[in-house]
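A.B. asks: Got a structure for you, work.cif, holding mmCIF, C-alpha atoms.
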```cif
data_entry
loop_
_atom_site.group_PDB
_atom_site.id
_atom_site.type_symbol
_atom_site.label_atom_id
_atom_site.label_comp_id
_atom_site.auth_asym_id
_atom_site.auth_seq_id
_atom_site.Cartn_x
_atom_site.Cartn_y
_atom_site.Cartn_z
ATOM 1 C CA MET Q 70 -4.261 19.260 -47.058
ATOM 2 C CA LEU Q 71 -3.317 22.498 -45.279
ATOM 3 C CA LEU Q 72 -6.530 22.628 -43.248
ATOM 4 C CA PRO Q 73 -6.101 19.156 -41.635
ATOM 5 C CA ILE Q 74 -2.483 20.006 -40.719
ATOM 6 C CA LEU Q 75 -3.546 23.308 -39.150
ATOM 7 C CA SER Q 76 -6.387 21.497 -37.353
ATOM 8 C CA LEU Q 77 -3.943 18.913 -35.997
ATOM 9 C CA LEU Q 78 -1.432 21.548 -34.824
ATOM 10 C CA ALA Q 79 -4.111 23.747 -33.252
ATOM 11 C CA GLY Q 80 -5.637 20.708 -31.566
ATOM 12 C CA PHE Q 81 -2.298 19.646 -30.063
ATOM 13 C CA ILE Q 82 -1.522 23.156 -28.787
ATOM 14 C CA LEU Q 83 -4.960 23.488 -27.202
ATOM 15 C CA LEU Q 84 -4.691 19.963 -25.780
ATOM 16 C CA MET Q 85 -1.411 20.815 -24.052
ATOM 17 C CA TRP Q 86 -2.706 24.106 -22.644
ATOM 18 C CA SER Q 87 -6.064 22.782 -21.508
ATOM 19 C CA ALA Q 88 -4.633 19.584 -19.998
ATOM 20 C CA ASP Q 89 -1.989 21.574 -18.114
ATOM 21 C CA THR Q 90 -4.608 24.043 -16.837
ATOM 22 C CA PHE Q 91 -6.960 21.207 -15.967
ATOM 23 C CA THR Q 92 -4.370 19.291 -13.924
ATOM 24 C CA ASP Q 93 -3.019 22.452 -12.273
ATOM 25 C CA ASN Q 94 -6.431 23.519 -11.000
ATOM 26 C CA GLY Q 95 -7.395 19.938 -10.216
ATOM 27 C CA ALA Q 96 -4.316 19.669 -8.010
ATOM 28 C CA LYS Q 97 -5.259 22.906 -6.222
ATOM 29 C CA ILE Q 98 -8.694 21.517 -5.431
ATOM 30 C CA ALA Q 99 -7.170 18.224 -4.293
ATOM 31 C CA ARG Q 100 -4.769 20.047 -1.950
ATOM 32 C CA ILE Q 101 -7.691 21.858 -0.320
ATOM 33 C CA PHE Q 102 -8.883 18.439 0.833
ATOM 34 C CA ASN Q 103 -5.356 17.363 1.895
ATOM 35 C CA ILE Q 104 -4.901 14.509 -0.598
ATOM 36 C CA SER Q 105 -1.396 12.965 -0.796
ATOM 37 C CA PRO Q 106 0.929 13.674 -3.780
ATOM 38 C CA LEU Q 107 0.677 10.044 -4.966
ATOM 39 C CA ILE Q 108 -3.127 10.200 -4.994
ATOM 40 C CA ILE Q 109 -2.987 13.547 -6.813
ATOM 41 C CA GLY Q 110 -0.720 11.957 -9.401
ATOM 42 C CA LEU Q 111 -2.851 8.828 -9.757
ATOM 43 C CA LEU Q 112 -6.231 10.482 -9.836
ATOM 44 C CA ILE Q 113 -6.049 14.176 -10.703
ATOM 45 C CA PHE Q 114 -2.982 14.111 -12.970
ATOM 46 C CA GLY Q 115 -3.690 10.580 -14.205
ATOM 47 C CA PHE Q 116 -7.233 11.448 -15.226
ATOM 48 C CA GLY Q 117 -6.439 14.993 -16.348
ATOM 49 C CA THR Q 118 -3.605 13.981 -18.658
ATOM 50 C CA SER Q 119 -5.604 10.987 -19.945
ATOM 51 C CA ALA Q 120 -8.680 13.082 -20.657
ATOM 52 C CA PRO Q 121 -7.376 13.916 -24.176
ATOM 53 C CA GLU Q 122 -6.923 10.203 -24.939
ATOM 54 C CA MET Q 123 -10.421 9.445 -23.653
ATOM 55 C CA LEU Q 124 -12.004 12.239 -25.661
ATOM 56 C CA VAL Q 125 -10.066 11.415 -28.814
ATOM 57 C CA SER Q 126 -10.982 7.733 -28.413
ATOM 58 C CA GLY Q 127 -14.672 8.458 -27.950
ATOM 59 C CA LEU Q 128 -14.874 10.891 -30.852
ATOM 60 C CA ALA Q 129 -12.863 8.618 -33.157
ATOM 61 C CA ALA Q 130 -15.149 5.658 -32.388
ATOM 62 C CA TYR Q 131 -18.256 7.826 -32.806
ATOM 63 C CA ASP Q 132 -16.977 9.003 -36.201
ATOM 64 C CA GLY Q 133 -16.479 5.401 -37.320
ATOM 65 C CA HIS Q 134 -12.694 5.154 -36.791
ATOM 66 C CA PRO Q 135 -12.337 2.740 -33.813
ATOM 67 C CA GLU Q 136 -8.875 1.596 -34.979
ATOM 68 C CA MET Q 137 -7.594 5.083 -34.168
ATOM 69 C CA SER Q 138 -8.991 4.599 -30.645
ATOM 70 C CA ILE Q 139 -7.103 1.395 -29.915
ATOM 71 C CA GLY Q 140 -3.982 2.819 -31.547
ATOM 72 C CA ASN Q 141 -4.300 5.881 -29.334
ATOM 73 C CA ALA Q 142 -4.668 3.762 -26.168
ATOM 74 C CA PHE Q 143 -1.748 1.402 -26.851
ATOM 75 C CA GLY Q 144 0.461 4.079 -28.403
ATOM 76 C CA SER Q 145 -0.081 6.477 -25.500
ATOM 77 C CA ASN Q 146 0.829 3.793 -22.940
ATOM 78 C CA ILE Q 147 4.031 2.966 -24.833
ATOM 79 C CA LEU Q 148 4.969 6.643 -25.183
ATOM 80 C CA ASN Q 149 4.087 7.428 -21.555
ATOM 81 C CA ILE Q 150 6.692 4.932 -20.353
ATOM 82 C CA GLY Q 151 9.235 4.996 -23.189
ATOM 83 C CA LEU Q 152 9.237 8.742 -23.861
ATOM 84 C CA VAL Q 153 7.740 10.501 -20.828
ATOM 85 C CA LEU Q 154 9.300 8.354 -18.077
ATOM 86 C CA GLY Q 155 12.503 7.934 -20.093
ATOM 87 C CA VAL Q 156 13.070 11.658 -20.672
ATOM 88 C CA THR Q 157 12.036 12.559 -17.103
ATOM 89 C CA ALA Q 158 14.471 10.007 -15.594
ATOM 90 C CA ILE Q 159 17.318 11.340 -17.751
ATOM 91 C CA ILE Q 160 16.616 14.875 -16.546
ATOM 92 C CA LEU Q 161 16.364 13.771 -12.907
ATOM 93 C CA PRO Q 162 16.448 10.167 -11.547
ATOM 94 C CA ILE Q 163 13.060 9.224 -10.092
ATOM 95 C CA THR Q 164 12.593 7.719 -6.626
ATOM 96 C CA VAL Q 165 9.951 4.970 -6.471
ATOM 97 C CA GLU Q 166 8.226 3.819 -3.276
ATOM 98 C CA LYS Q 167 8.017 0.061 -2.696
ATOM 99 C CA SER Q 168 4.310 0.296 -1.856
ATOM 100 C CA VAL Q 169 3.617 1.712 -5.334
ATOM 101 C CA LEU Q 170 5.124 -1.385 -6.980
ATOM 102 C CA LYS Q 171 3.098 -3.675 -4.700
ATOM 103 C CA LYS Q 172 -0.240 -1.984 -5.333
ATOM 104 C CA GLU Q 173 -0.593 0.547 -8.161
ATOM 105 C CA TRP Q 174 1.938 -1.017 -10.555
ATOM 106 C CA LEU Q 175 0.564 -4.508 -9.833
ATOM 107 C CA PHE Q 176 -2.963 -3.319 -10.661
ATOM 108 C CA LEU Q 177 -1.681 -1.835 -13.933
ATOM 109 C CA PHE Q 178 0.141 -5.051 -14.838
ATOM 110 C CA LEU Q 179 -2.881 -7.252 -14.062
ATOM 111 C CA SER Q 180 -5.112 -4.891 -16.057
ATOM 112 C CA THR Q 181 -2.738 -5.181 -19.023
ATOM 113 C CA LEU Q 182 -2.878 -8.998 -18.812
ATOM 114 C CA ILE Q 183 -6.689 -8.911 -18.656
ATOM 115 C CA VAL Q 184 -6.801 -6.702 -21.760
ATOM 116 C CA GLY Q 185 -4.625 -9.246 -23.576
ATOM 117 C CA PHE Q 186 -6.967 -12.075 -22.556
ATOM 118 C CA LEU Q 187 -10.098 -10.168 -23.637
ATOM 119 C CA LEU Q 188 -8.619 -9.310 -27.044
ATOM 120 C CA LEU Q 189 -7.302 -12.805 -27.823
ATOM 121 C CA ASP Q 190 -10.358 -13.435 -30.006
ATOM 122 C CA GLY Q 191 -9.418 -10.427 -32.138
ATOM 123 C CA PHE Q 192 -12.619 -8.534 -31.322
ATOM 124 C CA LEU Q 193 -13.315 -5.655 -28.933
ATOM 125 C CA SER Q 194 -16.920 -6.253 -27.887
ATOM 126 C CA PHE Q 195 -19.460 -4.349 -25.821
ATOM 127 C CA THR Q 196 -18.966 -6.922 -23.032
ATOM 128 C CA ASP Q 197 -15.194 -6.314 -23.124
ATOM 129 C CA GLY Q 198 -15.885 -2.600 -22.714
ATOM 130 C CA LEU Q 199 -18.116 -3.239 -19.696
ATOM 131 C CA ILE Q 200 -15.444 -5.422 -18.055
ATOM 132 C CA LEU Q 201 -12.769 -2.761 -18.568
ATOM 133 C CA ILE Q 202 -15.001 0.022 -17.206
ATOM 134 C CA SER Q 203 -15.786 -2.161 -14.163
ATOM 135 C CA LEU Q 204 -12.064 -2.629 -13.476
ATOM 136 C CA LEU Q 205 -11.535 1.134 -13.780
ATOM 137 C CA THR Q 206 -14.339 1.671 -11.256
ATOM 138 C CA LEU Q 207 -12.649 -0.744 -8.834
ATOM 139 C CA PHE Q 208 -9.395 1.172 -9.227
ATOM 140 C CA LEU Q 209 -11.115 4.505 -8.527
ATOM 141 C CA ILE Q 210 -12.850 3.092 -5.432
ATOM 142 C CA ASN Q 211 -9.466 1.876 -4.161
ATOM 143 C CA VAL Q 212 -7.868 5.272 -4.817
ATOM 144 C CA PHE Q 213 -10.616 7.078 -2.892
ATOM 145 C CA ARG Q 214 -10.159 4.688 0.034
ATOM 146 C CA GLU Q 215 -6.408 5.284 -0.003
ATOM 147 C CA SER Q 216 -6.961 9.046 -0.097
ATOM 148 C CA LYS Q 217 -8.973 8.814 3.130
ATOM 149 C CA LYS Q 218 -6.249 6.747 4.826
ATOM 150 C CA ASN Q 219 -3.376 8.958 3.714
ATOM 151 C CA ASN Q 220 -4.727 12.459 4.253
ATOM 152 C CA LEU Q 221 -1.948 14.891 4.993
ATOM 153 C CA THR Q 222 -1.753 16.391 8.466
ATOM 154 C CA ASP Q 223 -2.288 20.124 8.628
ATOM 155 C CA SER Q 224 0.503 22.454 9.628
ATOM 156 C CA ASP Q 225 0.116 26.198 10.208
ATOM 157 C CA ASN Q 226 1.548 26.884 6.758
ATOM 158 C CA ASP Q 227 -0.767 24.321 5.178
ATOM 159 C CA SER Q 228 -3.735 25.950 6.900
ATOM 160 C CA LEU Q 229 -2.781 29.373 5.562
ATOM 161 C CA GLU Q 230 -2.285 27.946 2.082
ATOM 162 C CA ASN Q 231 -5.568 26.047 2.207
ATOM 163 C CA ASN Q 232 -7.460 29.135 3.388
ATOM 164 C CA SER Q 233 -6.024 31.082 0.469
ATOM 165 C CA GLN Q 234 -6.996 28.307 -1.951
ATOM 166 C CA LYS Q 235 -10.505 28.074 -0.513
ATOM 167 C CA ASN Q 236 -10.983 31.806 -0.949
ATOM 168 C CA ASP Q 237 -9.978 31.441 -4.593
ATOM 169 C CA LYS Q 238 -11.760 28.170 -5.273
ATOM 170 C CA GLY Q 239 -14.476 29.828 -7.399
ATOM 171 C CA ARG Q 240 -11.862 30.885 -9.959
ATOM 172 C CA THR Q 241 -10.218 27.452 -9.725
ATOM 173 C CA TRP Q 242 -13.482 25.640 -10.486
ATOM 174 C CA LEU Q 243 -14.168 28.023 -13.384
ATOM 175 C CA LEU Q 244 -10.752 27.354 -14.943
ATOM 176 C CA LEU Q 245 -11.296 23.616 -14.436
ATOM 177 C CA ILE Q 246 -14.597 23.716 -16.349
ATOM 178 C CA VAL Q 247 -13.255 26.004 -19.107
ATOM 179 C CA SER Q 248 -10.188 23.822 -19.625
ATOM 180 C CA LEU Q 249 -12.404 20.720 -19.850
ATOM 181 C CA ILE Q 250 -14.539 22.370 -22.551
ATOM 182 C CA ILE Q 251 -11.382 23.250 -24.498
ATOM 183 C CA LEU Q 252 -10.171 19.659 -24.052
ATOM 184 C CA VAL Q 253 -13.337 18.423 -25.767
ATOM 185 C CA SER Q 254 -12.991 20.919 -28.625
ATOM 186 C CA SER Q 255 -9.286 20.321 -29.193
ATOM 187 C CA ALA Q 256 -9.789 16.543 -29.125
ATOM 188 C CA ARG Q 257 -12.317 16.988 -31.920
ATOM 189 C CA LEU Q 258 -9.736 18.944 -33.930
ATOM 190 C CA VAL Q 259 -7.134 16.199 -33.439
ATOM 191 C CA VAL Q 260 -9.521 13.447 -34.550
ATOM 192 C CA TRP Q 261 -10.631 15.340 -37.656
ATOM 193 C CA GLY Q 262 -7.108 16.402 -38.629
ATOM 194 C CA GLY Q 263 -5.618 12.953 -37.982
ATOM 195 C CA THR Q 264 -8.356 11.161 -39.910
ATOM 196 C CA SER Q 265 -8.103 13.545 -42.864
ATOM 197 C CA LEU Q 266 -4.317 13.123 -43.077
ATOM 198 C CA ALA Q 267 -4.649 9.337 -42.847
ATOM 199 C CA LEU Q 268 -7.024 9.343 -45.818
ATOM 200 C CA SER Q 269 -4.845 11.773 -47.804
ATOM 201 C CA PHE Q 270 -1.643 9.734 -47.456
ATOM 202 C CA GLY Q 271 -3.277 6.317 -47.472
ATOM 203 C CA VAL Q 272 -1.996 5.667 -43.937
ATOM 204 C CA SER Q 273 -4.160 3.439 -41.754
ATOM 205 C CA ASP Q 274 -6.126 4.814 -38.806
ATOM 206 C CA LEU Q 275 -4.180 2.403 -36.574
ATOM 207 C CA ILE Q 276 -0.760 3.877 -37.465
ATOM 208 C CA ILE Q 277 -2.040 7.451 -37.096
ATOM 209 C CA GLY Q 278 -3.459 6.530 -33.670
ATOM 210 C CA LEU Q 279 -0.262 4.775 -32.579
ATOM 211 C CA THR Q 280 1.996 7.670 -33.545
ATOM 212 C CA VAL Q 281 0.681 11.173 -34.310
ATOM 213 C CA VAL Q 282 -2.415 11.129 -32.112
ATOM 214 C CA ALA Q 283 -0.710 9.128 -29.329
ATOM 215 C CA LEU Q 284 2.227 11.548 -29.263
ATOM 216 C CA GLY Q 285 -0.061 14.578 -29.227
ATOM 217 C CA THR Q 286 -2.160 13.265 -26.373
ATOM 218 C CA SER Q 287 0.950 12.153 -24.418
ATOM 219 C CA LEU Q 288 2.504 15.622 -24.439
ATOM 220 C CA PRO Q 289 0.505 16.722 -21.347
ATOM 221 C CA GLU Q 290 1.973 13.761 -19.420
ATOM 222 C CA LEU Q 291 5.455 14.803 -20.517
ATOM 223 C CA ALA Q 292 4.949 18.410 -19.403
ATOM 224 C CA VAL Q 293 3.418 17.424 -16.050
ATOM 225 C CA SER Q 294 6.084 14.769 -15.324
ATOM 226 C CA ILE Q 295 9.055 17.024 -16.094
ATOM 227 C CA SER Q 296 7.549 19.827 -14.004
ATOM 228 C CA SER Q 297 6.881 17.450 -11.092
ATOM 229 C CA ALA Q 298 10.393 15.947 -11.298
ATOM 230 C CA LEU Q 299 12.044 19.368 -11.229
ATOM 231 C CA LYS Q 300 10.006 20.164 -8.106
ATOM 232 C CA LYS Q 301 11.203 16.846 -6.545
ATOM 233 C CA GLN Q 302 7.615 15.527 -6.532
ATOM 234 C CA HIS Q 303 8.683 11.996 -7.492
ATOM 235 C CA GLN Q 304 5.443 10.352 -6.366
ATOM 236 C CA MET Q 305 3.470 12.693 -8.613
ATOM 237 C CA VAL Q 306 5.609 11.546 -11.567
ATOM 238 C CA ILE Q 307 5.049 7.848 -10.864
ATOM 239 C CA GLY Q 308 1.397 8.454 -9.993
ATOM 240 C CA ASN Q 309 0.908 10.399 -13.224
ATOM 241 C CA ILE Q 310 2.392 7.635 -15.422
ATOM 242 C CA ILE Q 311 0.703 4.685 -13.694
ATOM 243 C CA GLY Q 312 -2.604 6.529 -13.321
ATOM 244 C CA SER Q 313 -2.566 7.715 -16.927
ATOM 245 C CA ASN Q 314 -1.755 4.233 -18.254
ATOM 246 C CA LEU Q 315 -4.521 2.719 -16.166
ATOM 247 C CA PHE Q 316 -7.032 5.213 -17.524
ATOM 248 C CA ASN Q 317 -5.750 4.467 -21.047
ATOM 249 C CA THR Q 318 -5.864 0.684 -20.598
ATOM 250 C CA LEU Q 319 -9.256 0.520 -18.904
ATOM 251 C CA GLY Q 320 -11.039 3.727 -19.901
ATOM 252 C CA VAL Q 321 -9.728 4.725 -23.331
ATOM 253 C CA LEU Q 322 -9.836 1.135 -24.607
ATOM 254 C CA ALA Q 323 -13.327 0.531 -23.206
ATOM 255 C CA ILE Q 324 -14.862 3.490 -25.049
ATOM 256 C CA PRO Q 325 -14.730 2.121 -28.625
ATOM 257 C CA GLY Q 326 -16.025 -1.234 -27.358
ATOM 258 C CA LEU Q 327 -19.033 0.470 -25.787
ATOM 259 C CA ILE Q 328 -19.664 2.787 -28.755
ATOM 260 C CA LEU Q 329 -18.680 0.744 -31.812
ATOM 261 C CA PRO Q 330 -17.425 -2.858 -31.250
ATOM 262 C CA PHE Q 331 -14.956 -3.838 -33.979
ATOM 263 C CA GLN Q 332 -12.500 -6.411 -35.299
ATOM 264 C CA ILE Q 333 -8.943 -5.709 -34.154
ATOM 265 C CA PRO Q 334 -6.107 -5.758 -36.726
ATOM 266 C CA THR Q 335 -3.848 -8.795 -36.157
ATOM 267 C CA GLU Q 336 -0.712 -6.662 -35.799
ATOM 268 C CA VAL Q 337 -2.169 -4.960 -32.713
ATOM 269 C CA MET Q 338 -1.829 -8.089 -30.576
ATOM 270 C CA SER Q 339 1.334 -9.468 -32.201
ATOM 271 C CA ARG Q 340 3.225 -6.166 -32.039
ATOM 272 C CA ASP Q 341 1.665 -3.243 -30.155
ATOM 273 C CA TYR Q 342 0.178 -5.158 -27.228
ATOM 274 C CA LEU Q 343 3.409 -7.117 -26.660
ATOM 275 C CA PHE Q 344 5.440 -3.884 -26.598
ATOM 276 C CA MET Q 345 2.945 -2.296 -24.187
ATOM 277 C CA LEU Q 346 3.285 -5.316 -21.882
ATOM 278 C CA MET Q 347 7.088 -5.189 -22.189
ATOM 279 C CA PHE Q 348 7.226 -1.492 -21.264
ATOM 280 C CA THR Q 349 4.992 -2.151 -18.232
ATOM 281 C CA LEU Q 350 7.423 -4.880 -17.084
ATOM 282 C CA LEU Q 351 10.387 -2.551 -17.695
ATOM 283 C CA VAL Q 352 8.997 -0.143 -15.092
ATOM 284 C CA LEU Q 353 9.238 -2.910 -12.475
ATOM 285 C CA ILE Q 354 12.696 -4.101 -13.587
ATOM 286 C CA LEU Q 355 14.170 -0.582 -13.609
ATOM 287 C CA SER Q 356 12.543 0.212 -10.232
ATOM 288 C CA MET Q 357 13.966 -2.802 -8.390
ATOM 289 C CA ARG Q 358 16.376 -0.525 -6.509
ATOM 290 C CA LEU Q 359 13.492 1.888 -5.841
ATOM 291 C CA LYS Q 360 14.950 4.422 -8.269
ATOM 292 C CA ILE Q 361 14.771 4.831 -12.043
ATOM 293 C CA SER Q 362 18.239 6.120 -12.938
ATOM 294 C CA ARG Q 363 19.423 8.095 -15.946
ATOM 295 C CA PHE Q 364 20.711 4.832 -17.410
ATOM 296 C CA GLY Q 365 17.218 3.395 -16.942
ATOM 297 C CA GLY Q 366 15.862 6.401 -18.826
ATOM 298 C CA PHE Q 367 18.216 5.641 -21.746
ATOM 299 C CA ILE Q 368 17.030 2.004 -21.735
ATOM 300 C CA LEU Q 369 13.420 3.167 -22.026
ATOM 301 C CA LEU Q 370 14.228 5.528 -24.908
ATOM 302 C CA THR Q 371 16.200 2.768 -26.677
ATOM 303 C CA ALA Q 372 13.260 0.354 -26.322
ATOM 304 C CA LEU Q 373 10.972 3.053 -27.741
ATOM 305 C CA ALA Q 374 13.306 3.528 -30.734
ATOM 306 C CA ILE Q 375 13.169 -0.248 -31.384
ATOM 307 C CA TYR Q 376 9.362 -0.151 -31.307
ATOM 308 C CA LEU Q 377 9.173 2.802 -33.713
ATOM 309 C CA TYR Q 378 11.618 1.036 -36.065
ATOM 310 C CA GLN Q 379 9.368 -2.041 -36.107
ATOM 311 C CA LEU Q 380 6.326 0.164 -36.638
ATOM 312 C CA PHE Q 381 7.623 1.975 -39.717
ATOM 313 C CA TRP Q 382 10.315 -0.188 -41.314
ATOM 314 C CA ILE Q 383 9.405 -3.819 -40.662
#
```
Give the structure from this file in structure tokens form.

C.D. replies:
Amino acid sequence: MLLPILSLLAGFILLMWSADTFTDNGAKIARIFNISPLIIGLLIFGFGTSAPEMLVSGLAAYDGHPEMSIGNAFGSNILNIGLVLGVTAIILPITVEKSVLKKEWLFLFLSTLIVGFLLLDGFLSFTDGLILISLLTLFLINVFRESKKNNLTDSDNDSLENNSQKNDKGRTWLLLIVSLIILVSSARLVVWGGTSLALSFGVSDLIIGLTVVALGTSLPELAVSISSALKKQHQMVIGNIIGSNLFNTLGVLAIPGLILPFQIPTEVMSRDYLFMLMFTLLVLILSMRLKISRFGGFILLTALAIYLYQLFWI
């Protein structure tokens, strides 16, 4: 019993450190090529902070626990909006650009609807996985196109900063690779510890994935979002949440379908999917005035509390 708990704690700590290091050095590399803050949030932070979910999902499916994978994907999306965006907005209201709602949020919403349609038959198949991966590829192609259109113009200060970063890029790449290796190892610890605890307490893989594992793999998003908000990098916050949820919806969910297709528990679609869709809609509703206020943050946390109540007591 003690060993799985220690494995879970060590895995979470290493996940947080490695994800933070990964995104930090990824952002440095992105800035060398003058990529906009929104693109950094969508791509570098979105992928970096979703890497734990992807690794946990892949390892869980490979070990024969695909329910933990889908729980991790849905649970992380719910926590990213309810907890991460909620807490960040309470600390500092978040400005949202109208173009983000028209493009990136719309793509996330449509992707969520497509996931619902694919899973209506109660089975995550290999074909479903291929469709989701194809949508993720389309999203990445669009992001790369946007990055070319929205390259930042160089100022003298930017040039000096970029020269300094280029001189130190060897160390940056090394830290990026090391942090990725630690991400893989810590994800393995989380899967093993979470699975062992689930078996010990008789708790289903789905509930463990929706709560413990989802919370652990969402902590990097929380750290990155709070840090970005305090630095007034609002577009990085929004980019991080939308990008991370897209990677979760299309990438994390596709992995178990490609590795080990399985029958989905009925409560996933009747409860978890509906809450994930509701939280995605809440982002639009609360952003109608192009700002998520502190009151909006409280609404998100309240909705999360309602979900957790349904999860454990109903």

A.B. asks: Can you tell me, as JSON, numbers by chain, what residues are no more than 9 Å from stretch 268-280 of chain Q when counting only C-alpha atoms, ignoring any on the same chain fewer than 4 positions away?

C.D. replies: {"Q": [70, 134, 135, 136, 137, 138, 139, 140, 141, 142, 143, 144, 145, 148, 263, 264, 284, 285, 334, 337, 341, 377, 380, 381]}

A.B. asks: Under the PyMOL selection byres ((chain Q and resi 156) around 9), which residues of this model are included? Write them out as a list in words.

C.D. replies: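 After applying the PyMOL selection byres ((chain Q and resi 156) around 9), what remains is Gly151, Leu152, Val153, Leu154, Gly155, Thr157, Ala158, Ile159, Ile160, Leu161, Leu291, Ile295, Arg363, Gly366, Phe367, Leu369 and Leu370 of chain Q.
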
A.B. asks: Hey, could you make a per-residue contact list for stretch 115-185 of chain Q against stretch 349-354 of chain Q with 10 Å as the cut-off, showing the nearest pair of atoms and its distance in Å to one decimal, counting all atoms listed in the file, sorted by chain and number, as a tab-separated table?

C.D. replies:
```
residue	atom	partner	partner_atom	distance
Q:Asn146	CA	Q:Thr349	CA	8.7
Q:Ile147	CA	Q:Thr349	CA	8.4
Q:Ile150	CA	Q:Thr349	CA	7.6
Q:Gly151	CA	Q:Leu351	CA	9.4
Q:Leu154	CA	Q:Val352	CA	9.0
Q:Val165	CA	Q:Leu353	CA	9.9
Q:Leu170	CA	Q:Leu353	CA	7.0
Q:Lys171	CA	Q:Leu353	CA	9.9
Q:Trp174	CA	Q:Leu353	CA	7.8
Q:Leu175	CA	Q:Leu353	CA	9.2
Q:Leu177	CA	Q:Thr349	CA	7.9
Q:Phe178	CA	Q:Thr349	CA	6.6
Q:Thr181	CA	Q:Thr349	CA	8.3
```

A.B. asks: Assuming the chain letters and numbering stay as they are in my file, what does the PyMOL selection byres ((chain Q and resi 196) around 10) actually select? List them as a list in words.

C.D. replies: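 With the shown file as input, the PyMOL selection byres ((chain Q and resi 196) around 10) matches Leu187, Leu193, Ser194, Phe195, Asp197, Gly198, Leu199, Ile200, Leu201, Ile202, Ala323, Gly326, Leu327 and Pro330 of chain Q.
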
A.B. asks: At what distance in Å, to one decimal, does atom CA of Q:Pro162 lie from atom CA of Q:Val306?

C.D. replies: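 Separating atom CA of Q:Val306 from atom CA of Q:Pro162 is a distance of 10.9 Å.
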
A.B. asks: Work out how far atom CA of Q:Ile375 is from atom CA of Q:Ile307, in Å to one decimal.

C.D. replies: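 Between these atoms lies a distance of 23.5 Å.
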
A.B. asks: Given all atoms listed in the file as the basis, pick out the residue of Q:Leu346, Q:Val169, Q:Leu128, Q:Ile113 nearest to Q:Leu209.

C.D. replies: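 Answer, going by the shortest atom-to-atom distance: Q:Ile113.
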
A.B. asks: Name the residues, using the chain letters and numbers of the file, that sit within 12 Å of (-6.4, 25.1, -42.4) when counting all atoms listed in the file, and give them as a PDB file with C-alpha atoms, in the frame of the given file.

C.D. replies:
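Output saved as out-v2.pdb:
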```
ATOM      1  CA  MET Q  70      -4.261  19.260 -47.058  1.00  0.00           C
ATOM      2  CA  LEU Q  71      -3.317  22.498 -45.279  1.00  0.00           C
ATOM      3  CA  LEU Q  72      -6.530  22.628 -43.248  1.00  0.00           C
ATOM      4  CA  PRO Q  73      -6.101  19.156 -41.635  1.00  0.00           C
ATOM      5  CA  ILE Q  74      -2.483  20.006 -40.719  1.00  0.00           C
ATOM      6  CA  LEU Q  75      -3.546  23.308 -39.150  1.00  0.00           C
ATOM      7  CA  SER Q  76      -6.387  21.497 -37.353  1.00  0.00           C
ATOM      8  CA  LEU Q  77      -3.943  18.913 -35.997  1.00  0.00           C
ATOM      9  CA  LEU Q  78      -1.432  21.548 -34.824  1.00  0.00           C
ATOM     10  CA  ALA Q  79      -4.111  23.747 -33.252  1.00  0.00           C
ATOM     11  CA  GLY Q  80      -5.637  20.708 -31.566  1.00  0.00           C
ATOM     12  CA  LEU Q 258      -9.736  18.944 -33.930  1.00  0.00           C
ATOM     13  CA  TRP Q 261     -10.631  15.340 -37.656  1.00  0.00           C
ATOM     14  CA  GLY Q 262      -7.108  16.402 -38.629  1.00  0.00           C
ATOM     15  CA  SER Q 265      -8.103  13.545 -42.864  1.00  0.00           C
TER      16      SER Q 265
END
```

A.B. asks: Have a look at Q:Asp93, Q:Glu215, Q:Glu166, Q:Glu336 and name the one nearest to Q:Lys360; count all atoms listed in the file.

C.D. replies: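 Using all atoms listed in the file, the shortest distance to Q:Lys360 belongs to Q:Glu166.
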
A.B. asks: Which distance in Å separates atom CA of Q:Lys238 and atom CA of Q:Lys300, to one decimal?

C.D. replies: 23.4 Å

A.B. asks: Have a look at Q:Ile163, Q:Val125, Q:Leu252, Q:Ala120 and name the one nearest to Q:Leu355; count all atoms listed in the file.

C.D. replies: Q:Ile163

A.B. asks: So for stretch 353-362 of chain Q, what box centre and size do we get, axis-aligned, 3 Å extra on each of the six sides, every listed atom, Å to one decimal, as AutoDock Vina command-line options?

C.D. replies:
```
--center_x 13.7 --center_y 1.0 --center_z -9.7 --size_x 15.0 --size_y 16.2 --size_z 13.8
```

A.B. asks: Show which residues sit within 12 Å of Q:Trp86, as a PyMOL selection string. Count all atoms listed in the file, and ignore same-chain residues fewer than 5 positions away.

C.D. replies: chain Q and resi 79-81+91-93+117-118+121+244-245+247-252+255+285-286+288-290+292-293

A.B. asks: Select, from Q:His303, Q:Met347, Q:Thr371, Q:Met357, the residue with the minimum atom-to-atom distance to Q:Thr164, counting all atoms listed in the file.

C.D. replies: Q:His303

A.B. asks: Can you tell me, as a tab-separated table (two decimals) with C-alpha atoms, in the coordinates of the input, what residues are no more than 10 Å from Q:Gly185 when counting all atoms listed in the file, ignoring any on the same chain fewer than 6 positions away?

C.D. replies:
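Just written: part_36.tsv:
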```tsv
chain	number	residue	atom	x	y	z
Q	179	LEU	CA	-2.88	-7.25	-14.06
Q	191	GLY	CA	-9.42	-10.43	-32.14
Q	338	MET	CA	-1.83	-8.09	-30.58
Q	342	TYR	CA	0.18	-5.16	-27.23
Q	343	LEU	CA	3.41	-7.12	-26.66
Q	346	LEU	CA	3.28	-5.32	-21.88
```

A.B. asks: Quick one: residues within 9 Å of Q:Phe316, all atoms listed in the file, excluding same-chain residues fewer than 4 positions away - as number ranges by chain?

C.D. replies: Q: 115-116, 119-120, 122-123, 205, 311-312, 320-322

A.B. asks: Of the residues Q:Leu204, Q:Ser287, Q:Leu315, Q:Val260, which is the one nearest to Q:Asp89, using only C-alpha atoms?

C.D. replies: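 Looking at the shortest contact to Q:Asp89, the residue is Q:Ser287.
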